[in-house]
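Source file structure39.cif; content: mmCIF, C-alpha atoms.
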data_structure
loop_
_atom_site.label_atom_id
_atom_site.label_comp_id
_atom_site.auth_asym_id
_atom_site.auth_seq_id
_atom_site.Cartn_x
_atom_site.Cartn_y
_atom_site.Cartn_z
CA MET A 17 0.00 0.00 0.00
CA ARG A 18 2.72 2.39 -0.98
CA TRP A 19 0.16 5.07 -1.82
CA MET A 20 -0.33 5.41 1.96
CA ARG A 21 3.36 5.10 2.73
CA ALA A 22 3.88 8.17 0.62
CA ALA A 23 0.96 9.98 2.25
CA GLY A 24 -1.07 10.15 -0.86
CA ARG A 25 0.82 10.68 -4.06
CA ALA A 26 -1.63 12.33 -6.36
CA LEU A 27 -4.90 13.05 -4.63
CA LEU A 28 -6.35 15.19 -7.37
CA VAL A 29 -9.18 14.16 -9.66
CA ALA A 30 -11.16 15.96 -12.31
CA ALA A 31 -13.14 18.89 -10.97
CA VAL A 32 -16.32 17.51 -12.45
CA VAL A 33 -16.16 14.61 -9.99
CA LEU A 34 -15.79 16.96 -7.05
CA ALA A 35 -18.06 19.83 -7.95
CA GLY A 36 -21.46 20.31 -6.44
CA TYR A 37 -21.46 18.04 -3.42
CA ALA A 38 -24.95 16.76 -3.00
CA GLY A 39 -24.19 15.47 0.52
CA PHE A 40 -26.39 13.24 2.60
CA GLY A 41 -26.61 15.52 5.59
CA VAL A 42 -24.54 14.90 8.73
CA ARG A 43 -25.90 11.90 10.53
CA GLU A 44 -25.54 11.69 14.28
CA ASP A 45 -23.31 8.96 15.69
CA ALA A 46 -26.37 7.08 16.92
CA GLY A 47 -26.07 4.93 13.80
CA VAL A 48 -22.84 3.40 15.06
CA ALA A 49 -24.52 2.42 18.33
CA SER A 50 -27.83 1.44 16.78
CA GLY A 51 -27.13 -2.28 16.92
CA ALA A 52 -27.36 -2.67 13.13
CA ARG A 53 -25.03 -5.60 12.50
CA GLY A 54 -24.24 -7.86 9.59
CA PRO A 55 -21.87 -8.37 6.64
CA MET A 56 -19.70 -5.47 5.54
CA THR A 57 -17.45 -4.21 2.78
CA LEU A 58 -14.09 -2.57 3.44
CA VAL A 59 -12.83 -0.44 0.56
CA THR A 60 -9.20 0.56 0.20
CA ALA A 61 -6.52 1.27 -2.34
CA GLY A 62 -4.65 -1.72 -3.71
CA ASP A 63 -2.79 -3.72 -1.04
CA LEU A 64 0.62 -4.20 -2.64
CA THR A 65 2.09 -6.12 0.30
CA GLY A 66 -0.77 -8.61 0.77
CA TYR A 67 -0.87 -8.14 4.55
CA LEU A 68 -4.56 -7.18 4.77
CA PRO A 69 -6.43 -10.37 3.67
CA PRO A 70 -5.02 -12.53 6.51
CA LEU A 71 -6.12 -9.90 9.05
CA LEU A 72 -9.62 -9.92 7.61
CA ASP A 73 -9.63 -13.74 7.52
CA ASP A 74 -9.02 -13.72 11.29
CA TRP A 75 -11.95 -11.35 11.74
CA ASN A 76 -14.22 -13.47 9.54
CA ASP A 77 -13.33 -16.66 11.39
CA SER A 78 -14.46 -15.16 14.69
CA HIS A 79 -17.40 -13.14 13.26
CA PRO A 80 -19.21 -15.48 10.85
CA ASP A 81 -22.35 -13.32 10.88
CA GLU A 82 -20.42 -10.10 10.28
CA ARG A 83 -18.05 -11.16 7.54
CA VAL A 84 -16.14 -8.44 5.78
CA THR A 85 -15.45 -8.40 2.04
CA LEU A 86 -12.37 -6.53 0.86
CA VAL A 87 -12.73 -4.26 -2.19
CA GLU A 88 -9.40 -3.09 -3.58
CA LEU A 89 -9.49 -0.06 -5.83
CA PRO A 90 -6.54 0.98 -8.04
CA ASP A 91 -3.19 1.55 -6.33
CA SER A 92 -3.18 5.11 -7.63
CA ALA A 93 -4.52 7.45 -4.93
CA ASP A 94 -6.27 9.77 -7.38
CA GLU A 95 -8.13 6.87 -9.03
CA THR A 96 -9.04 5.42 -5.64
CA ARG A 97 -10.43 8.75 -4.50
CA ALA A 98 -12.37 9.26 -7.71
CA GLN A 99 -14.03 5.85 -7.47
CA MET A 100 -14.88 6.29 -3.80
CA ILE A 101 -16.44 9.68 -4.47
CA SER A 102 -18.41 8.38 -7.42
CA GLU A 103 -19.94 5.64 -5.27
CA LEU A 104 -20.62 7.92 -2.32
CA ARG A 105 -22.20 10.71 -4.36
CA SER A 106 -24.52 8.20 -6.00
CA GLY A 107 -26.01 7.25 -2.63
CA ASN A 108 -24.92 3.64 -3.11
CA ASN A 109 -24.60 1.60 0.10
CA ARG A 110 -21.92 -0.69 -1.34
CA PHE A 111 -19.21 0.47 1.11
CA ASP A 112 -19.35 0.23 4.89
CA VAL A 113 -15.79 1.03 6.03
CA LEU A 114 -13.57 3.33 3.99
CA ASN A 115 -9.78 3.45 4.27
CA ILE A 116 -9.15 7.07 3.30
CA ASP A 117 -6.07 9.25 3.09
CA VAL A 118 -5.82 11.57 6.08
CA ALA A 119 -6.18 14.60 3.79
CA TRP A 120 -9.61 13.45 2.64
CA THR A 121 -11.25 13.30 6.08
CA SER A 122 -12.43 16.91 6.21
CA GLU A 123 -13.76 16.79 2.64
CA PHE A 124 -15.66 13.53 3.15
CA ALA A 125 -17.04 14.76 6.49
CA ALA A 126 -18.20 18.11 5.11
CA ALA A 127 -19.93 16.34 2.22
CA GLY A 128 -21.82 14.05 4.60
CA TRP A 129 -20.26 10.89 3.17
CA ILE A 130 -18.94 9.58 6.49
CA SER A 131 -20.65 9.43 9.87
CA PRO A 132 -19.50 11.12 13.08
CA LEU A 133 -18.12 8.66 15.62
CA PRO A 134 -18.37 8.68 19.42
CA ARG A 135 -14.95 9.46 20.90
CA ASP A 136 -15.44 7.14 23.85
CA ARG A 137 -15.94 4.21 21.48
CA PHE A 138 -12.22 4.06 20.60
CA PRO A 139 -9.01 4.17 22.74
CA LEU A 140 -7.79 7.44 21.26
CA ASP A 141 -5.50 8.09 24.24
CA ALA A 142 -3.43 5.06 23.19
CA PHE A 143 -2.65 6.61 19.80
CA LEU A 144 0.13 9.02 18.96
CA ARG A 145 -1.48 12.34 19.82
CA PRO A 146 -1.20 14.26 16.52
CA VAL A 147 -2.69 11.47 14.41
CA VAL A 148 -6.05 11.85 16.13
CA ASP A 149 -6.27 15.41 14.82
CA THR A 150 -6.24 14.11 11.24
CA ALA A 151 -9.46 12.21 11.97
CA THR A 152 -11.42 15.23 13.20
CA PHE A 153 -13.28 18.00 11.42
CA ASP A 154 -15.08 20.99 12.92
CA GLY A 155 -14.51 19.63 16.41
CA ARG A 156 -15.95 16.16 15.79
CA LEU A 157 -14.42 12.72 15.29
CA TYR A 158 -15.24 11.39 11.82
CA ALA A 159 -12.70 8.58 11.51
CA VAL A 160 -10.15 6.56 13.47
CA PRO A 161 -6.42 6.69 12.64
CA TYR A 162 -5.18 3.48 11.03
CA VAL A 163 -1.63 4.12 9.77
CA THR A 164 0.46 7.23 10.05
CA ASN A 165 3.48 8.75 8.35
CA ALA A 166 5.84 11.65 8.80
CA GLY A 167 8.68 13.02 6.73
CA LEU A 168 12.28 12.31 7.67
CA LEU A 169 15.58 13.84 6.58
CA TYR A 170 17.85 11.13 5.16
CA TYR A 171 21.55 12.01 5.06
CA ARG A 172 24.83 10.45 4.01
CA LYS A 173 26.30 9.56 7.36
CA ASP A 174 29.58 8.40 5.88
CA ILE A 175 30.17 11.76 4.21
CA LEU A 176 29.19 13.91 7.20
CA ASP A 177 31.40 11.73 9.43
CA GLU A 178 34.30 12.21 7.03
CA GLU A 179 33.73 15.97 7.14
CA GLY A 180 33.41 15.99 10.93
CA GLU A 181 29.85 17.30 10.73
CA LYS A 182 26.63 16.31 12.47
CA PRO A 183 23.28 16.14 10.63
CA PRO A 184 21.61 19.54 10.38
CA ARG A 185 19.00 20.73 12.87
CA THR A 186 18.25 24.07 11.20
CA TRP A 187 17.73 25.29 7.64
CA ALA A 188 20.91 27.35 7.85
CA GLU A 189 22.95 24.26 8.72
CA LEU A 190 21.25 22.24 5.96
CA ALA A 191 21.87 24.95 3.37
CA HIS A 192 25.52 25.34 4.41
CA GLN A 193 26.27 21.63 4.25
CA ALA A 194 24.33 21.09 1.03
CA ARG A 195 26.06 24.05 -0.64
CA THR A 196 29.62 23.33 0.53
CA ILE A 197 29.98 19.61 1.28
CA ALA A 198 27.89 18.05 -1.48
CA PRO A 199 29.91 19.50 -4.40
CA ARG A 200 33.18 18.24 -2.88
CA HIS A 201 31.81 14.72 -3.15
CA GLY A 202 30.15 15.10 -6.54
CA LEU A 203 26.62 15.08 -5.10
CA ASP A 204 23.50 17.20 -5.34
CA GLY A 205 22.72 18.89 -2.07
CA TYR A 206 19.07 18.42 -1.17
CA ALA A 207 15.85 17.12 -2.68
CA GLY A 208 12.25 16.64 -1.67
CA GLN A 209 9.17 16.05 -3.81
CA PHE A 210 8.97 19.17 -5.94
CA LEU A 211 7.02 18.10 -9.02
CA PRO A 212 3.62 19.86 -9.07
CA TYR A 213 1.43 17.18 -7.43
CA GLU A 214 0.35 16.37 -3.88
CA GLY A 215 3.94 15.85 -2.78
CA LEU A 216 4.71 19.50 -3.53
CA THR A 217 1.78 20.56 -1.34
CA VAL A 218 3.26 18.44 1.45
CA ASN A 219 6.74 19.95 1.08
CA VAL A 220 5.42 23.51 0.99
CA THR A 221 3.16 22.93 4.00
CA GLU A 222 6.12 21.50 5.93
CA ALA A 223 8.22 24.56 5.08
CA VAL A 224 5.51 26.96 6.23
CA HIS A 225 4.89 25.06 9.49
CA SER A 226 8.63 24.65 10.13
CA ALA A 227 8.94 28.43 10.13
CA GLY A 228 6.07 28.75 12.62
CA GLY A 229 3.28 29.55 10.15
CA SER A 230 0.14 27.94 8.78
CA ILE A 231 -1.95 27.99 5.60
CA LEU A 232 -5.55 27.72 6.83
CA ARG A 233 -7.24 27.81 10.19
CA ASP A 234 -8.15 24.35 11.50
CA ASP A 235 -11.74 24.52 10.22
CA GLY A 236 -10.61 25.75 6.80
CA ALA A 237 -12.72 28.90 7.11
CA ARG A 238 -9.93 31.46 7.39
CA VAL A 239 -6.75 31.93 5.37
CA THR A 240 -3.66 32.35 7.57
CA VAL A 241 -0.86 32.09 5.03
CA ASP A 242 -0.18 35.83 4.74
CA SER A 243 2.56 35.90 7.39
CA ASP A 244 6.28 36.45 7.82
CA ALA A 245 6.60 32.77 8.75
CA ALA A 246 5.07 31.63 5.46
CA ARG A 247 7.33 33.97 3.53
CA ALA A 248 10.34 32.53 5.39
CA GLY A 249 9.25 28.98 4.55
CA LEU A 250 8.87 29.73 0.85
CA ARG A 251 12.18 31.63 0.85
CA PHE A 252 13.94 28.50 2.12
CA LEU A 253 12.78 26.59 -0.96
CA ALA A 254 13.38 29.39 -3.44
CA ASP A 255 16.86 30.12 -2.09
CA GLY A 256 17.77 26.46 -2.44
CA VAL A 257 17.05 26.57 -6.16
CA ARG A 258 18.63 29.99 -6.66
CA ASP A 259 21.81 29.03 -4.79
CA GLY A 260 22.06 25.63 -6.44
CA TRP A 261 21.85 23.30 -3.42
CA ILE A 262 18.44 22.22 -4.70
CA SER A 263 19.17 21.03 -8.23
CA ARG A 264 16.90 21.71 -11.17
CA ASP A 265 16.53 17.94 -11.54
CA ALA A 266 14.80 17.86 -8.14
CA LEU A 267 11.98 20.02 -9.51
CA GLY A 268 10.81 16.91 -11.36
CA TYR A 269 10.97 14.52 -8.41
CA LYS A 270 8.14 12.61 -6.78
CA GLU A 271 8.74 10.10 -3.97
CA GLU A 272 10.26 7.37 -6.09
CA GLU A 273 12.46 9.61 -8.25
CA SER A 274 13.90 11.25 -5.15
CA ARG A 275 14.37 7.89 -3.42
CA ARG A 276 16.28 6.51 -6.39
CA ALA A 277 18.50 9.60 -6.50
CA PHE A 278 19.45 9.10 -2.85
CA GLN A 279 19.72 5.32 -3.07
CA ASP A 280 21.94 5.57 -6.15
CA GLY A 281 24.34 7.82 -4.25
CA ARG A 282 23.52 11.10 -5.99
CA LEU A 283 22.20 13.10 -3.01
CA LEU A 284 23.61 14.31 0.29
CA PHE A 285 20.18 15.03 1.82
CA LEU A 286 16.67 13.80 1.06
CA ARG A 287 13.29 14.58 2.55
CA ASN A 288 11.05 11.50 2.19
CA TRP A 289 8.82 9.04 4.03
CA PRO A 290 9.90 6.12 6.29
CA TYR A 291 9.50 3.48 3.57
CA VAL A 292 12.76 4.74 2.07
CA TYR A 293 14.71 3.36 5.04
CA ALA A 294 14.11 -0.27 4.12
CA ASP A 295 14.66 0.27 0.40
CA ALA A 296 17.89 2.20 0.91
CA SER A 297 19.15 -0.48 3.31
CA ALA A 298 18.41 -3.38 0.96
CA GLU A 299 20.98 -5.42 -0.93
CA GLY A 300 22.08 -3.60 -4.07
CA SER A 301 21.58 -0.11 -2.62
CA LYS A 302 24.68 2.04 -3.05
CA VAL A 303 24.06 3.70 0.31
CA ALA A 304 23.22 0.62 2.41
CA GLY A 305 24.88 1.03 5.81
CA ARG A 306 26.07 4.52 4.89
CA PHE A 307 23.11 6.73 5.73
CA GLY A 308 21.02 7.89 8.67
CA ALA A 309 17.67 9.56 9.27
CA VAL A 310 16.74 12.44 11.58
CA PRO A 311 13.70 14.71 12.02
CA LEU A 312 13.29 17.47 9.48
CA PRO A 313 15.17 20.70 10.28
CA GLY A 314 13.35 24.01 10.60
CA LEU A 315 14.02 27.73 10.67
CA ASP A 316 15.54 27.86 14.16
CA GLY A 317 15.57 24.20 15.21
CA PRO A 318 13.72 20.96 14.54
CA GLY A 319 11.05 21.42 11.91
CA THR A 320 7.49 20.20 11.47
CA SER A 321 6.55 17.33 9.20
CA VAL A 322 3.18 16.94 7.56
CA LEU A 323 1.26 13.89 8.72
CA GLY A 324 0.56 11.23 6.16
CA GLY A 325 -1.18 7.89 6.43
CA SER A 326 -4.82 6.86 6.39
CA ASN A 327 -7.95 6.82 8.56
CA LEU A 328 -10.83 4.36 8.78
CA ALA A 329 -14.32 5.85 8.47
CA VAL A 330 -17.89 4.51 8.50
CA SER A 331 -19.90 5.39 5.41
CA SER A 332 -23.03 7.37 6.21
CA ARG A 333 -24.83 4.87 3.96
CA SER A 334 -23.46 1.81 5.78
CA ARG A 335 -25.99 -0.98 6.17
CA HIS A 336 -24.41 -2.23 9.40
CA PRO A 337 -22.68 0.70 11.15
CA ALA A 338 -22.30 -1.06 14.50
CA SER A 339 -20.38 -3.90 12.87
CA ALA A 340 -18.36 -1.35 10.93
CA ALA A 341 -17.32 0.37 14.16
CA ASP A 342 -16.31 -2.98 15.67
CA LEU A 343 -14.20 -3.76 12.61
CA ILE A 344 -12.41 -0.41 13.00
CA SER A 345 -11.73 -1.24 16.66
CA TYR A 346 -10.24 -4.56 15.58
CA LEU A 347 -8.01 -3.04 12.89
CA THR A 348 -6.70 -0.41 15.29
CA SER A 349 -6.11 -2.82 18.19
CA GLU A 350 -2.52 -3.15 19.40
CA ARG A 351 -2.16 -6.73 18.14
CA VAL A 352 -3.30 -5.86 14.63
CA GLN A 353 -1.34 -2.61 14.60
CA ARG A 354 1.81 -4.62 15.30
CA GLN A 355 1.05 -6.70 12.20
CA VAL A 356 0.40 -3.56 10.18
CA LEU A 357 4.05 -2.70 10.84
CA THR A 358 5.65 -6.15 10.66
CA GLU A 359 3.61 -7.54 7.74
CA GLY A 360 2.63 -4.38 5.88
CA SER A 361 5.69 -2.20 6.58
CA LEU A 362 3.34 0.66 7.45
CA PRO A 363 3.86 2.96 10.47
CA PRO A 364 1.28 2.13 13.18
CA VAL A 365 -0.75 4.65 15.18
CA ARG A 366 -0.39 2.93 18.58
CA ALA A 367 2.14 4.86 20.69
CA ALA A 368 3.39 1.88 22.69
CA LEU A 369 4.71 0.12 19.60
CA TYR A 370 7.28 2.87 19.05
CA GLU A 371 8.89 2.03 22.39
CA ASP A 372 8.93 -1.76 21.96
CA PRO A 373 12.61 -2.91 22.10
CA GLU A 374 11.99 -5.86 19.78
CA LEU A 375 10.40 -3.65 17.12
CA ILE A 376 13.12 -1.02 17.46
CA ARG A 377 15.77 -3.64 16.78
CA ALA A 378 13.94 -4.63 13.60
CA TYR A 379 13.03 -1.04 12.61
CA PRO A 380 15.79 1.26 13.90
CA TYR A 381 14.08 4.39 12.60
CA LEU A 382 11.05 4.02 14.92
CA PRO A 383 12.29 6.44 17.67
CA THR A 384 13.07 9.08 15.03
CA LEU A 385 9.72 8.53 13.34
CA ARG A 386 7.93 8.81 16.70
CA GLN A 387 9.66 12.13 17.34
CA SER A 388 8.66 13.36 13.87
CA VAL A 389 5.03 12.28 14.24
CA LEU A 390 4.71 13.91 17.67
CA SER A 391 5.82 17.25 16.24
CA ALA A 392 3.93 16.89 12.96
CA ALA A 393 0.87 18.77 11.69
CA PRO A 394 -1.99 17.84 9.34
CA ARG A 395 -2.29 19.21 5.84
CA PRO A 396 -4.69 22.18 5.55
CA LYS A 397 -8.21 21.10 6.48
CA SER A 398 -10.85 22.22 4.03
CA PRO A 399 -14.06 20.89 2.47
CA ARG A 400 -12.41 21.94 -0.80
CA TYR A 401 -9.03 20.41 -0.09
CA ASP A 402 -8.47 19.41 -3.73
CA GLN A 403 -8.70 23.05 -4.82
CA VAL A 404 -6.51 24.20 -1.91
CA SER A 405 -3.84 21.69 -2.91
CA LEU A 406 -3.97 22.76 -6.56
CA ALA A 407 -3.51 26.39 -5.57
CA VAL A 408 -0.50 25.58 -3.37
CA GLN A 409 1.08 23.53 -6.16
CA ALA A 410 0.61 26.22 -8.81
CA VAL A 411 2.08 28.95 -6.63
CA ALA A 412 4.99 26.78 -5.45
CA GLN A 413 5.82 25.75 -9.01
CA ASP A 414 6.24 29.38 -10.03
CA LEU A 415 8.17 30.12 -6.85
CA MET A 416 10.68 27.31 -7.37
CA ALA A 417 11.02 28.14 -11.06
CA LEU A 418 12.07 31.60 -9.75
CA ARG A 419 9.24 33.30 -11.62
CA GLN A 420 7.90 34.81 -8.39
CA THR A 421 9.47 36.03 -5.17
CA PRO A 422 8.39 34.57 -1.82
CA GLU A 423 6.54 37.82 -1.12
CA GLN A 424 4.65 37.63 -4.41
CA ALA A 425 3.94 33.93 -3.95
CA VAL A 426 2.43 34.39 -0.48
CA ALA A 427 0.29 37.31 -1.61
CA ARG A 428 -0.99 35.32 -4.59
CA LEU A 429 -1.69 32.23 -2.48
CA ALA A 430 -3.58 34.30 0.08
CA ARG A 431 -5.77 35.77 -2.68
CA GLU A 432 -6.51 32.41 -4.29
CA LEU A 433 -7.26 30.66 -1.00
CA GLY A 434 -9.42 33.59 0.05
CA THR A 435 -11.50 33.12 -3.06
CA LEU A 436 -11.87 29.38 -2.34
CA SER A 437 -12.95 30.02 1.24
CA GLY A 438 -15.47 32.66 0.18
CA LYS A 439 -13.42 35.44 1.76
CA GLY A 440 -11.91 36.72 -1.48
#
When written as structure tokens, how does the structure in this file appear?
Amino acid sequence: MRWMRAAGRALLVAAVVLAGYAGFGVREDAGVASGARGPMTLVTAGDLTGYLPPLLDDWNDSHPDERVTLVELPDSADETRAQMISELRSGNNRFDVLNIDVAWTSEFAAAGWISPLPRDRFPLDAFLRPVVDTATFDGRLYAVPYVTNAGLLYYRKDILDEEGEKPPRTWAELAHQARTIAPRHGLDGYAGQFLPYEGLTVNVTEAVHSAGGSILRDDGARVTVDSDAARAGLRFLADGVRDGWISRDALGYKEEESRRAFQDGRLLFLRNWPYVYADASAEGSKVAGRFGAVPLPGLDGPGTSVLGGSNLAVSSRSRHPASAADLISYLTSERVQRQVLTEGSLPPVRAALYEDPELIRAYPYLPTLRQSVLSAAPRPKSPRYDQVSLAVQAVAQDLMALRQTPEQAVARLARELGTLSGKG
């Protein structure tokens, strides 16, 4: 399920699919506790690792009257989202439990496609604190966190050790090392995911938050991007291109292109998701045993990652919402969450697993990932998230092509987001 490992790679679909939400109206959470039980359907993007069917087989063996059928949509996040929305807008009751990208929760909730959930029904205190925020909208719980993700800074440990340097904690340290050390070793300095798609929205949001700013208020109703912090965040990215420590090649990178550049030994620093750790450590990798991972740097100290991953929600058209809620409890239990990590290679949401010595030996990046998740923030919450993301991408593309200054980019983004929120 690499689409979730990468926090949603291309969440955008044609505007015609998204325009004119009909909505079903927000149903109270009484449906979950109504006692309506029976067979269910769980819909998700394609499971590339094959870990999910055995988990559902265990459920079916112990719940013969509430069997769950797995529906796998395309691995592509944009196609998955389009097909989910098509079914939900039609009023079809085919789906009971939806495995949705964290960025979709506010949109699906505002459209009335998923039901509010009672907070006391799930052990939210056992989850990593920030992941719960991705499952809420307008002060209510609409989903339950299932897997999480946070960006990490991968670095060439062998090269920094040779230079007598420690991994950077601030943007100034990152820029200095990328500009001075990388060329001496024939490497590009730094890369993220800078092609205009959802990954660029993630990188820009991280830069803004890492400077102390934000893009939208939590309910999506007010634009907050017009700030010195946002200008500082965009300046970090623009200066990297202008000064050459972000190469022009990196402007065409998504997750996999940037991973290959690092794994092939062409990068000193890379911002990417935790799945890179295993790939870069595998046999045949040119950097196996020669790299490390730390939290993202920020303006004056450790930065702020954007949260990735997915949440489980109950369709507002579910035939058996009580069974659906029980299935979500099962999939987010500590035993199953352990298997999500060990069998699916996906970061779990249960906090205790990040302190398990056995798991840390097998997955050495877990303490760093925990630190990154605990300081992470959601992507902007908005009922029109697709349009928000498109606006961020368009502005950032012009910024990193050096066609606009950070000041111009922030002013333009504020205008465009204001129009989307009805404040323009």
- Message: What would the selection look like, as a PyMOL selection string, if the PyMOL selection byres ((chain A and resi 231) around 8) were run on the coordinates I just shared?
- Response: chain A and resi 221+224+229-230+232-233+239-241+246+396
- Message: Let me make sure I understand: among A:Ile130, A:Ala166, A:Leu382, A:Ala367, which one has the smallest atom-to-atom distance to Arg145 in chain A if we use all atoms listed in the file?
- Response: A:Ala367
- Item | For Val426 in chain A, the nearest of the candidates A:Leu250, A:Val147, A:Leu211, A:Ala277, counting all atoms listed in the file | A:Leu250
- Message: Please expand the PyMOL selection byres ((chain A and resi 410-417) around 9) into the concrete residues it hits in this file, giving the result as JSON, numbers by chain.
- Response: {"A": [210, 211, 212, 216, 217, 220, 250, 251, 253, 254, 255, 256, 257, 258, 264, 267, 405, 406, 407, 408, 409, 418, 419, 420, 421, 422, 424, 425, 426, 428, 429]}
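In this model, the gap between CA of Phe307 in chain A and CA of Gly360 in chain A comes to 23.3 Å.
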- One-decimal distance in Å that lies between CA of Leu357 in chain A and CA of Tyr379 in chain A: 9.3 Å
- Message: Can you tell me which residues surround Gly305 in chain A at a distance of at most 10 Å, considering only C-alpha atoms, apart from same-chain residues fewer than 4 positions away, and format the answer as a ChimeraX atom specification?
- Response: /A:172-174,296-298,301
Please, could you write that set of residues out with C-alpha atoms as an mmCIF file, in the frame of the given file?
data_model
loop_
_atom_site.group_PDB
_atom_site.id
_atom_site.type_symbol
_atom_site.label_atom_id
_atom_site.label_comp_id
_atom_site.auth_asym_id
_atom_site.auth_seq_id
_atom_site.Cartn_x
_atom_site.Cartn_y
_atom_site.Cartn_z
ATOM 1 C CA ARG A 172 24.830 10.450 4.010
ATOM 2 C CA LYS A 173 26.300 9.560 7.360
ATOM 3 C CA ASP A 174 29.580 8.400 5.880
ATOM 4 C CA ALA A 296 17.890 2.200 0.910
ATOM 5 C CA SER A 297 19.150 -0.480 3.310
ATOM 6 C CA ALA A 298 18.410 -3.380 0.960
ATOM 7 C CA SER A 301 21.580 -0.110 -2.620
#
- Message: the PyMOL selection byres ((chain A and resi 286) around 9) - which residues does that actually catch in the file I just gave you? List them as JSON, numbers by chain.
- Response: {"A": [168, 169, 170, 171, 205, 206, 207, 208, 274, 275, 277, 278, 283, 284, 285, 287, 288]}
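When all atoms listed in the file are used to measure the gap to Ala427 in chain A, the shortest distance among A:Ala378, A:Leu315, A:Ala227, A:Asp242 belongs to A:Asp242.
Between CA of Ser106 in chain A and CA of Glu214 in chain A the interatomic distance comes to 26.3 Å.
With all atoms listed in the file as the atoms that count, the residue of A:Val352, A:Ala430, A:Val292, A:Ala248 with the shortest distance to Tyr381 in chain A is A:Val292.
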